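Everything on this sheet refers to the single structure shown next.
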Amino acid sequence: MKSASLLFSRRGFLTAAGAVGAGIGLADGAGAVAAPTPPAAMPDPQRLFGLKHPPLDTVRIGMIGMGGRGLSLLGNLLDIDHVEIKAVCDVVPDRVRRAQERVLAKGQPDPAGYPGPETDFENLCRRDDVDLVYIATPWDWHVPMAVSAMKQGKHAAIEVPAAMTLAECWELVNTAEQTRRHCLMLENCCYGELELLVLRMTHQGVLGELNHGEAGYLHEARDYLLQGSMTDNWRRRFVSKLDGNLYPTHGLGPVALYLDINGGDRFDHLVSMSSRESALSERRNALPADDPRRRERFAGGDMNTTLLKTALGRTIMVQYSLVQSRPYSRINLIAGTRGTFADYPPRLHLDGQPDEWITHLQPYHDQYGHPLWKQLQDLARKSGGHGGMDYVMNWRLIHCLREGRPLDLTVYDAAAWSSIVPLSIESVSQKSAPVAVPDFTRGAWRNQPPGPLATA
Ligand SMILES: NC(=O)c1ccc[n+]([C@@H]2O[C@H](COP(=O)([O-])OP(=O)(O)OC[C@H]3O[C@@H](n4cnc5c(N)ncnc54)[C@H](O)[C@@H]3O)[C@@H](O)[C@H]2O)c1
């Protein structure tokens, strides 16, 4: 039987400790058989909701991982006032130099470089002139880097998914609570213009009472996955070993915000099912007969479908495929008692409307458009990053730190949204059995208002 024990450790070999030892249990309502393992520490989680720190005049940043994503984030950060890039780290020295040159070209002082070995990030985290550490490395490095940053008194901003095992999810929560640092996942799709529009519409009751959402990451990437060796191409390393939803948060994050997950509701349990695998092997079989990649096998099915049930009885479907021949989509659907918004293409159905779908959404942008996009759209489109959403996310993070405000996304969001990775793997390995989602807030979700992004 395949199981979550196949998850990679960050040293590149297989371990059971990350998932099974972290207490994956069946949902109570589905005949629970295993109680979640108690987390290492039990501090009062209320303390991290609304966490504030004294305002920072300038936000001083250290960045780890200067590959494709790190460089793109750096570009946005260099377009934001009151940001100083103090240090950059990557195990490939050329990438450190490239990042330093980008910073110099923007007129900032040369940032310190940390070109490896692979634990060199600890030296960056030890600096006394850094407030916030950005982490854009392969998935299995996120948590040790974020934990190191927080233990050194820095806030941690982690790329997606923040964690790959339940043990890692709890480690983020426990470390953030113990150190009282901000720890957020850089889920840029929560800051898309449409996602923020829908967030405001849902919170102003336009769709009625919400009962169902659909989310996904459907991004055909077969040639990309097959590039290079397994060592060079870290994504293929995961795809070849794990069967579940390995990249849930781009679609799920915005839907979780529509439904106030961790702010009045929470994920309770899930079931997950994967199709068989064919699409990547078929593409691999087109490689020359003597290519070593012809011997590789891929564990992940062509399509994973996960169904989540919330504590309040709502449902969310989350799909994931990097290999199906189909157009890009994050699905982004939310259905209520009086209407439904569906994306790709964006459209709205409301009770009493003459047309099945309203596709002219400008009046809704005018009425419900999010103030962040109204304020930032020109800068966002100029700086770029997925149509500007990356700029808006980065600007907002810096703005909140400069004003000493609570952040939009908490460590509980990072843990709950990322936990779909190990939990879907676990359910798939058990013929789609129901699996409980841990309550990373330890009960505090009940008394939380919707997050600041919904009410901004
Ligand atoms: N939010 C988004 O839209 C988005 C888009 C792309 C990637 N990502 C995420 O960003 C992260 C990075 O993805 P990428 O596409 O940039 O990958 P990448 O391979 O281009 O970059 C990763 C970088 O991390 C470096 N690295 C690896 N181990 C390291 C270590 N121990 N110390 C320092 N540096 C190390 C690598 O040398 C590489 O330069 C992933 O988590 C991915 O899921 C997010």
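We name chains A, B, ... following the order of the structure tokens; residues begin at 1 in each chain, and ligands are numbered from 1 as shown.
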
Find the residues near Val318 of chain A: any atom within 7 Å, counting only C-alpha atoms, skip ones fewer than 2 places away on the same chain, and give them as a list of chain:residue names.
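Near neighbours after the sequence-gap exclusion: A:Glu214, A:Ala215, A:Gly216, A:Leu252, A:Thr305, A:Thr306, A:Leu307, A:Ile316, A:Tyr320.
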
Take the residues from that selection and write them out as a CSV table (one decimal), in the first residue's frame, keeping C-alpha atoms.
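That gives us selection.csv:
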chain,number,residue,atom,x,y,z
A,214,GLU,CA,-14.7,24.5,-6.0
A,215,ALA,CA,-11.0,25.1,-6.4
A,216,GLY,CA,-8.2,23.7,-8.5
A,252,LEU,CA,-8.2,26.6,-2.2
A,305,THR,CA,-10.0,15.2,-6.8
A,306,THR,CA,-10.4,15.9,-3.1
A,307,LEU,CA,-13.6,16.7,-1.3
A,316,ILE,CA,-15.3,22.2,-1.2
A,320,TYR,CA,-5.1,19.1,-9.1

Each chain A residue no farther than 7 Å from ligand 1, nearest pair in Å, only C-alpha atoms and all ligand atoms, as JSON lines:
{"residue": "A:Ile64", "atom": "CA", "partner": "ligand 1", "partner_atom_place_in_ligand_line": "33 (C)", "distance": 5.4}
{"residue": "A:Gly65", "atom": "CA", "partner": "ligand 1", "partner_atom_place_in_ligand_line": "24 (O)", "distance": 3.7}
{"residue": "A:Met66", "atom": "CA", "partner": "ligand 1", "partner_atom_place_in_ligand_line": "39 (O)", "distance": 4.8}
{"residue": "A:Gly67", "atom": "CA", "partner": "ligand 1", "partner_atom_place_in_ligand_line": "21 (O)", "distance": 3.4}
{"residue": "A:Gly68", "atom": "CA", "partner": "ligand 1", "partner_atom_place_in_ligand_line": "16 (O)", "distance": 3.8}
{"residue": "A:Arg69", "atom": "CA", "partner": "ligand 1", "partner_atom_place_in_ligand_line": "16 (O)", "distance": 3.5}
{"residue": "A:Gly70", "atom": "CA", "partner": "ligand 1", "partner_atom_place_in_ligand_line": "16 (O)", "distance": 5.5}
{"residue": "A:Cys89", "atom": "CA", "partner": "ligand 1", "partner_atom_place_in_ligand_line": "33 (C)", "distance": 5.4}
{"residue": "A:Asp90", "atom": "CA", "partner": "ligand 1", "partner_atom_place_in_ligand_line": "34 (N)", "distance": 3.5}
{"residue": "A:Val91", "atom": "CA", "partner": "ligand 1", "partner_atom_place_in_ligand_line": "34 (N)", "distance": 4.6}
{"residue": "A:Val92", "atom": "CA", "partner": "ligand 1", "partner_atom_place_in_ligand_line": "37 (O)", "distance": 5.0}
{"residue": "A:Arg95", "atom": "CA", "partner": "ligand 1", "partner_atom_place_in_ligand_line": "39 (O)", "distance": 6.4}
{"residue": "A:Gly116", "atom": "CA", "partner": "ligand 1", "partner_atom_place_in_ligand_line": "32 (N)", "distance": 6.5}
{"residue": "A:Glu118", "atom": "CA", "partner": "ligand 1", "partner_atom_place_in_ligand_line": "31 (N)", "distance": 3.8}
{"residue": "A:Thr119", "atom": "CA", "partner": "ligand 1", "partner_atom_place_in_ligand_line": "31 (N)", "distance": 5.7}
{"residue": "A:Asp120", "atom": "CA", "partner": "ligand 1", "partner_atom_place_in_ligand_line": "32 (N)", "distance": 6.6}
{"residue": "A:Phe121", "atom": "CA", "partner": "ligand 1", "partner_atom_place_in_ligand_line": "32 (N)", "distance": 5.9}
{"residue": "A:Ala136", "atom": "CA", "partner": "ligand 1", "partner_atom_place_in_ligand_line": "11 (C)", "distance": 4.1}
{"residue": "A:Thr137", "atom": "CA", "partner": "ligand 1", "partner_atom_place_in_ligand_line": "24 (O)", "distance": 3.7}
{"residue": "A:Pro138", "atom": "CA", "partner": "ligand 1", "partner_atom_place_in_ligand_line": "40 (C)", "distance": 4.9}
{"residue": "A:Trp139", "atom": "CA", "partner": "ligand 1", "partner_atom_place_in_ligand_line": "41 (O)", "distance": 4.9}
{"residue": "A:Trp141", "atom": "CA", "partner": "ligand 1", "partner_atom_place_in_ligand_line": "31 (N)", "distance": 6.4}
{"residue": "A:Glu159", "atom": "CA", "partner": "ligand 1", "partner_atom_place_in_ligand_line": "41 (O)", "distance": 4.7}
{"residue": "A:Val160", "atom": "CA", "partner": "ligand 1", "partner_atom_place_in_ligand_line": "43 (O)", "distance": 4.9}
{"residue": "A:Pro161", "atom": "CA", "partner": "ligand 1", "partner_atom_place_in_ligand_line": "43 (O)", "distance": 6.2}
{"residue": "A:Leu186", "atom": "CA", "partner": "ligand 1", "partner_atom_place_in_ligand_line": "1 (N)", "distance": 6.4}
{"residue": "A:Glu187", "atom": "CA", "partner": "ligand 1", "partner_atom_place_in_ligand_line": "1 (N)", "distance": 5.9}
{"residue": "A:Asn188", "atom": "CA", "partner": "ligand 1", "partner_atom_place_in_ligand_line": "1 (N)", "distance": 5.6}
{"residue": "A:Trp234", "atom": "CA", "partner": "ligand 1", "partner_atom_place_in_ligand_line": "19 (O)", "distance": 6.9}

For N, CA and C atoms, I'd like the residues from the last selection saved as an mmCIF file, in the first residue's frame.
data_model
loop_
_atom_site.group_PDB
_atom_site.id
_atom_site.type_symbol
_atom_site.label_atom_id
_atom_site.label_comp_id
_atom_site.auth_asym_id
_atom_site.auth_seq_id
_atom_site.Cartn_x
_atom_site.Cartn_y
_atom_site.Cartn_z
ATOM 1 N N ILE A 64 15.622 33.761 0.722
ATOM 2 C CA ILE A 64 16.251 32.448 0.521
ATOM 3 C C ILE A 64 15.592 31.777 -0.688
ATOM 4 N N GLY A 65 16.413 31.368 -1.643
ATOM 5 C CA GLY A 65 15.883 30.752 -2.867
ATOM 6 C C GLY A 65 15.712 31.801 -3.940
ATOM 7 N N MET A 66 16.727 31.973 -4.788
ATOM 8 C CA MET A 66 16.689 33.012 -5.810
ATOM 9 C C MET A 66 16.540 32.396 -7.202
ATOM 10 N N GLY A 67 15.699 31.351 -7.294
ATOM 11 C CA GLY A 67 15.363 30.756 -8.588
ATOM 12 C C GLY A 67 14.259 31.574 -9.253
ATOM 13 N N GLY A 68 13.421 30.894 -10.045
ATOM 14 C CA GLY A 68 12.386 31.596 -10.797
ATOM 15 C C GLY A 68 11.487 32.430 -9.903
ATOM 16 N N ARG A 69 10.965 31.828 -8.862
ATOM 17 C CA ARG A 69 10.006 32.522 -8.018
ATOM 18 C C ARG A 69 10.676 33.598 -7.150
ATOM 19 N N GLY A 70 11.839 33.256 -6.595
ATOM 20 C CA GLY A 70 12.535 34.217 -5.741
ATOM 21 C C GLY A 70 12.854 35.494 -6.499
ATOM 22 N N CYS A 89 20.168 34.469 -0.501
ATOM 23 C CA CYS A 89 20.788 33.155 -0.301
ATOM 24 C C CYS A 89 20.305 32.185 -1.370
ATOM 25 N N ASP A 90 21.210 31.438 -1.935
ATOM 26 C CA ASP A 90 20.850 30.327 -2.831
ATOM 27 C C ASP A 90 22.059 29.395 -2.889
ATOM 28 N N VAL A 91 21.815 28.125 -3.060
ATOM 29 C CA VAL A 91 22.947 27.192 -3.144
ATOM 30 C C VAL A 91 23.643 27.268 -4.496
ATOM 31 N N VAL A 92 23.051 27.992 -5.439
ATOM 32 C CA VAL A 92 23.720 28.205 -6.732
ATOM 33 C C VAL A 92 24.308 29.625 -6.710
ATOM 34 N N ARG A 95 23.091 32.472 -8.921
ATOM 35 C CA ARG A 95 21.762 33.041 -8.626
ATOM 36 C C ARG A 95 21.858 34.086 -7.519
ATOM 37 N N GLY A 116 25.669 29.188 -0.167
ATOM 38 C CA GLY A 116 25.754 27.785 0.202
ATOM 39 C C GLY A 116 26.906 27.547 1.151
ATOM 40 N N GLU A 118 24.079 24.090 1.814
ATOM 41 C CA GLU A 118 22.621 24.149 1.865
ATOM 42 C C GLU A 118 22.065 24.575 3.227
ATOM 43 N N THR A 119 22.898 24.662 4.253
ATOM 44 C CA THR A 119 22.408 25.217 5.522
ATOM 45 C C THR A 119 22.875 26.655 5.746
ATOM 46 N N ASP A 120 23.386 27.273 4.701
ATOM 47 C CA ASP A 120 23.865 28.656 4.807
ATOM 48 C C ASP A 120 22.726 29.616 5.186
ATOM 49 N N PHE A 121 21.477 29.212 4.893
ATOM 50 C CA PHE A 121 20.338 30.076 5.231
ATOM 51 C C PHE A 121 20.319 30.403 6.723
ATOM 52 N N ALA A 136 11.637 30.971 -0.905
ATOM 53 C CA ALA A 136 11.137 30.515 -2.215
ATOM 54 C C ALA A 136 12.034 29.382 -2.723
ATOM 55 N N THR A 137 12.095 28.329 -1.935
ATOM 56 C CA THR A 137 12.948 27.171 -2.232
ATOM 57 C C THR A 137 12.057 25.967 -2.545
ATOM 58 N N PRO A 138 12.630 24.827 -2.931
ATOM 59 C CA PRO A 138 11.812 23.622 -3.084
ATOM 60 C C PRO A 138 11.051 23.299 -1.800
ATOM 61 N N TRP A 139 9.939 22.575 -1.959
ATOM 62 C CA TRP A 139 8.954 22.408 -0.875
ATOM 63 C C TRP A 139 9.539 21.838 0.410
ATOM 64 N N TRP A 141 12.249 22.311 1.823
ATOM 65 C CA TRP A 141 13.094 23.217 2.612
ATOM 66 C C TRP A 141 12.286 24.287 3.340
ATOM 67 N N GLU A 159 6.732 30.443 0.536
ATOM 68 C CA GLU A 159 6.034 30.106 -0.711
ATOM 69 C C GLU A 159 5.125 28.885 -0.510
ATOM 70 N N VAL A 160 4.390 28.548 -1.555
ATOM 71 C CA VAL A 160 3.320 27.551 -1.446
ATOM 72 C C VAL A 160 3.750 26.197 -1.992
ATOM 73 N N PRO A 161 3.234 25.099 -1.417
ATOM 74 C CA PRO A 161 2.580 25.026 -0.101
ATOM 75 C C PRO A 161 3.611 25.242 0.993
ATOM 76 N N LEU A 186 2.765 32.785 1.279
ATOM 77 C CA LEU A 186 2.636 33.812 0.238
ATOM 78 C C LEU A 186 1.638 33.339 -0.825
ATOM 79 N N GLU A 187 0.374 33.202 -0.429
ATOM 80 C CA GLU A 187 -0.624 32.706 -1.384
ATOM 81 C C GLU A 187 -1.139 33.879 -2.211
ATOM 82 N N ASN A 188 -0.412 34.122 -3.290
ATOM 83 C CA ASN A 188 -0.677 35.283 -4.131
ATOM 84 C C ASN A 188 -2.069 35.276 -4.737
ATOM 85 N N TRP A 234 13.343 19.359 -9.093
ATOM 86 C CA TRP A 234 12.813 18.896 -7.800
ATOM 87 C C TRP A 234 11.314 18.597 -7.858
#

DSSP on the backbone, then: every residue of segment 275-406 of chain A marked strand (DSSP E), written as a ChimeraX atom specification.
/A:304-310,315-321,333-336,339-342,347-350

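Compared by their closest atoms to Ala221 of chain A, and using only C-alpha atoms, the residues A:Gly263, A:Pro327, A:Gly153, A:Gly192 rank with A:Pro327 nearest.
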
Residue neighbourhood segment 218-220 of chain A, 6 Å, only C-alpha atoms, exclusion window fewer than 3 positions, as a list of chain:residue names
A:Tyr320, A:Ser321, A:Leu322, A:Val323, A:Gln324, A:Tyr328, A:Ser329

Store the residues of this selection in a file with N, CA and C atoms, as a short mmCIF file (atom, residue, chain, number, x, y, z; two decimals), in the first residue's frame.
data_model
loop_
_atom_site.label_atom_id
_atom_site.label_comp_id
_atom_site.auth_asym_id
_atom_site.auth_seq_id
_atom_site.Cartn_x
_atom_site.Cartn_y
_atom_site.Cartn_z
N TYR A 320 -6.48 18.81 -8.85
CA TYR A 320 -5.06 19.07 -9.10
C TYR A 320 -4.60 18.21 -10.26
N SER A 321 -4.05 18.84 -11.26
CA SER A 321 -3.40 18.09 -12.34
C SER A 321 -2.36 18.97 -13.01
N LEU A 322 -1.17 18.42 -13.18
CA LEU A 322 -0.11 19.11 -13.93
C LEU A 322 0.08 18.48 -15.30
N VAL A 323 -0.73 17.47 -15.62
CA VAL A 323 -0.41 16.68 -16.81
C VAL A 323 -1.57 16.52 -17.79
N GLN A 324 -2.79 16.84 -17.38
CA GLN A 324 -3.90 16.66 -18.32
C GLN A 324 -3.84 17.72 -19.43
N TYR A 328 -5.53 26.06 -18.68
CA TYR A 328 -5.22 26.43 -17.28
C TYR A 328 -6.51 26.83 -16.55
N SER A 329 -6.61 26.42 -15.29
CA SER A 329 -7.75 26.85 -14.47
C SER A 329 -7.45 26.66 -13.00
#

Counting only C-alpha atoms, what are the residues of segment 224-254 of chain A within 6 Å of segment 414-428 of chain A, and for each of them which pair of atoms is the nearest and at what distance in Å, to one decimal? Sort the table by chain and rising number, as JSON lines.
{"residue": "A:Asp243", "atom": "CA", "partner": "A:Ile425", "partner_atom": "CA", "distance": 5.6}
{"residue": "A:Gly244", "atom": "CA", "partner": "A:Ile425", "partner_atom": "CA", "distance": 4.3}
{"residue": "A:Asn245", "atom": "CA", "partner": "A:Val421", "partner_atom": "CA", "distance": 5.4}
{"residue": "A:Leu246", "atom": "CA", "partner": "A:Val421", "partner_atom": "CA", "distance": 5.1}
{"residue": "A:Thr249", "atom": "CA", "partner": "A:Trp417", "partner_atom": "CA", "distance": 5.9}

What gap, in Å, lies between atom CA of Tyr114 of chain A and atom CA of Asp131 of chain A?
17.0 Å

So which bits of segment 47-217 of chain A end up helix (DSSP H, G or I) when you DSSP the backbone, as a ChimeraX atom specification?
/A:47-48,68-78,93-105,121-126,139-151,166-179,188-191,193-203

Give the answer as one residue: which of A:Ile135, A:Ala167, A:Cys125, A:Ala454 has the shortest atom-to-atom distance to Met201 of chain A, using only C-alpha atoms?
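The shortest atom-to-atom distance to Met201 of chain A comes from A:Ala454.
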
Work out how far apart atom CA of Leu453 of chain A and atom CA of Thr410 of chain A are and give it in Å to one decimal.
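About the pair atom CA of Leu453 of chain A and atom CA of Thr410 of chain A: they are 11.7 Å apart.
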
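Within the 12 Å cut-off around Pro109 of chain A, using only C-alpha atoms and omitting residues fewer than 4 positions from it on the same chain, the listed residues are A:Val83, A:Glu84, A:Ile85, A:Lys86, A:Ala87, A:Gln100, A:Glu101, A:Arg102, A:Val103, A:Leu104, A:Ala105.
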
May I have the residues from that selection written out with N, CA and C atoms, as an mmCIF file, in the first residue's frame?
data_model
loop_
_atom_site.group_PDB
_atom_site.id
_atom_site.type_symbol
_atom_site.label_atom_id
_atom_site.label_comp_id
_atom_site.auth_asym_id
_atom_site.auth_seq_id
_atom_site.Cartn_x
_atom_site.Cartn_y
_atom_site.Cartn_z
ATOM 1 N N VAL A 83 11.357 49.365 1.478
ATOM 2 C CA VAL A 83 11.841 47.982 1.559
ATOM 3 C C VAL A 83 13.337 48.000 1.302
ATOM 4 N N GLU A 84 14.088 47.313 2.134
ATOM 5 C CA GLU A 84 15.535 47.146 1.874
ATOM 6 C C GLU A 84 15.849 45.669 1.825
ATOM 7 N N ILE A 85 16.502 45.244 0.751
ATOM 8 C CA ILE A 85 16.931 43.847 0.639
ATOM 9 C C ILE A 85 18.325 43.761 1.251
ATOM 10 N N LYS A 86 18.409 43.105 2.376
ATOM 11 C CA LYS A 86 19.666 43.071 3.135
ATOM 12 C C LYS A 86 20.534 41.864 2.794
ATOM 13 N N ALA A 87 19.915 40.758 2.392
ATOM 14 C CA ALA A 87 20.709 39.539 2.166
ATOM 15 C C ALA A 87 19.950 38.611 1.231
ATOM 16 N N GLN A 100 21.883 39.896 -6.424
ATOM 17 C CA GLN A 100 22.593 41.082 -5.916
ATOM 18 C C GLN A 100 22.643 42.171 -6.981
ATOM 19 N N GLU A 101 22.866 41.743 -8.232
ATOM 20 C CA GLU A 101 22.927 42.737 -9.324
ATOM 21 C C GLU A 101 21.574 43.429 -9.507
ATOM 22 N N ARG A 102 20.492 42.670 -9.356
ATOM 23 C CA ARG A 102 19.153 43.283 -9.485
ATOM 24 C C ARG A 102 18.944 44.344 -8.401
ATOM 25 N N VAL A 103 19.415 44.054 -7.199
ATOM 26 C CA VAL A 103 19.238 44.994 -6.087
ATOM 27 C C VAL A 103 20.086 46.251 -6.345
ATOM 28 N N LEU A 104 21.343 46.022 -6.759
ATOM 29 C CA LEU A 104 22.235 47.160 -7.047
ATOM 30 C C LEU A 104 21.665 48.031 -8.159
ATOM 31 N N ALA A 105 21.103 47.387 -9.170
ATOM 32 C CA ALA A 105 20.553 48.139 -10.304
ATOM 33 C C ALA A 105 19.390 49.029 -9.892
#

Need the shell around segment 225-229 of chain A: protein/DNA/RNA residues with any atom at most 10 Å away, counting only C-alpha atoms. Skip same-chain ones fewer than 4 positions apart. Format as a VMD selection string?
chain A and resid 220 to 221 233 to 237 239 280 to 281 283 to 284 287 292 to 293 322 to 323

Save the residues we just selected, N, CA and C atoms, as a PDB file, in the first residue's frame?
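And here's out17.pdb as it stands now:
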ATOM      1  N   GLU A 220      -1.203  22.441 -17.168  1.00  0.00           N
ATOM      2  CA  GLU A 220      -0.485  21.430 -17.964  1.00  0.00           C
ATOM      3  C   GLU A 220       1.005  21.772 -18.020  1.00  0.00           C
ATOM      4  N   ALA A 221       1.847  20.859 -17.543  1.00  0.00           N
ATOM      5  CA  ALA A 221       3.282  21.162 -17.422  1.00  0.00           C
ATOM      6  C   ALA A 221       4.117  19.917 -17.701  1.00  0.00           C
ATOM      7  N   ASN A 233      15.496  18.615 -11.279  1.00  0.00           N
ATOM      8  CA  ASN A 233      14.091  19.005 -11.365  1.00  0.00           C
ATOM      9  C   ASN A 233      13.366  18.499 -10.122  1.00  0.00           C
ATOM     10  N   TRP A 234      13.343  19.359  -9.093  1.00  0.00           N
ATOM     11  CA  TRP A 234      12.813  18.896  -7.800  1.00  0.00           C
ATOM     12  C   TRP A 234      11.314  18.597  -7.858  1.00  0.00           C
ATOM     13  N   ARG A 235      10.585  19.244  -8.745  1.00  0.00           N
ATOM     14  CA  ARG A 235       9.141  18.946  -8.803  1.00  0.00           C
ATOM     15  C   ARG A 235       8.901  17.500  -9.239  1.00  0.00           C
ATOM     16  N   ARG A 236       9.718  17.017 -10.186  1.00  0.00           N
ATOM     17  CA  ARG A 236       9.523  15.636 -10.650  1.00  0.00           C
ATOM     18  C   ARG A 236       9.818  14.633  -9.541  1.00  0.00           C
ATOM     19  N   ARG A 237      10.751  15.019  -8.656  1.00  0.00           N
ATOM     20  CA  ARG A 237      11.073  14.166  -7.509  1.00  0.00           C
ATOM     21  C   ARG A 237       9.796  13.901  -6.691  1.00  0.00           C
ATOM     22  N   VAL A 239       6.552  14.382  -7.767  1.00  0.00           N
ATOM     23  CA  VAL A 239       5.516  13.767  -8.602  1.00  0.00           C
ATOM     24  C   VAL A 239       5.775  12.274  -8.794  1.00  0.00           C
ATOM     25  N   LEU A 280       1.876  11.618 -18.185  1.00  0.00           N
ATOM     26  CA  LEU A 280       3.302  11.929 -18.111  1.00  0.00           C
ATOM     27  C   LEU A 280       4.138  10.786 -18.687  1.00  0.00           C
ATOM     28  N   SER A 281       3.722   9.550 -18.434  1.00  0.00           N
ATOM     29  CA  SER A 281       4.458   8.414 -19.020  1.00  0.00           C
ATOM     30  C   SER A 281       4.378   8.434 -20.542  1.00  0.00           C
ATOM     31  N   ARG A 283       4.133  11.025 -22.448  1.00  0.00           N
ATOM     32  CA  ARG A 283       5.064  12.062 -22.920  1.00  0.00           C
ATOM     33  C   ARG A 283       6.517  11.591 -22.758  1.00  0.00           C
ATOM     34  N   ARG A 284       6.817  10.945 -21.641  1.00  0.00           N
ATOM     35  CA  ARG A 284       8.161  10.405 -21.398  1.00  0.00           C
ATOM     36  C   ARG A 284       8.530   9.382 -22.470  1.00  0.00           C
ATOM     37  N   LEU A 287      10.548  10.325 -25.495  1.00  0.00           N
ATOM     38  CA  LEU A 287      11.991  10.627 -25.396  1.00  0.00           C
ATOM     39  C   LEU A 287      12.782   9.541 -26.122  1.00  0.00           C
ATOM     40  N   PRO A 292      17.855   8.192 -20.047  1.00  0.00           N
ATOM     41  CA  PRO A 292      17.643   7.554 -18.738  1.00  0.00           C
ATOM     42  C   PRO A 292      16.263   7.833 -18.139  1.00  0.00           C
ATOM     43  N   ARG A 293      15.641   8.928 -18.563  1.00  0.00           N
ATOM     44  CA  ARG A 293      14.310   9.244 -18.028  1.00  0.00           C
ATOM     45  C   ARG A 293      13.261   8.220 -18.449  1.00  0.00           C
ATOM     46  N   LEU A 322      -1.169  18.416 -13.178  1.00  0.00           N
ATOM     47  CA  LEU A 322      -0.112  19.105 -13.930  1.00  0.00           C
ATOM     48  C   LEU A 322       0.078  18.475 -15.302  1.00  0.00           C
ATOM     49  N   VAL A 323      -0.725  17.472 -15.617  1.00  0.00           N
ATOM     50  CA  VAL A 323      -0.409  16.680 -16.809  1.00  0.00           C
ATOM     51  C   VAL A 323      -1.568  16.521 -17.791  1.00  0.00           C
TER      52      VAL A 323
END
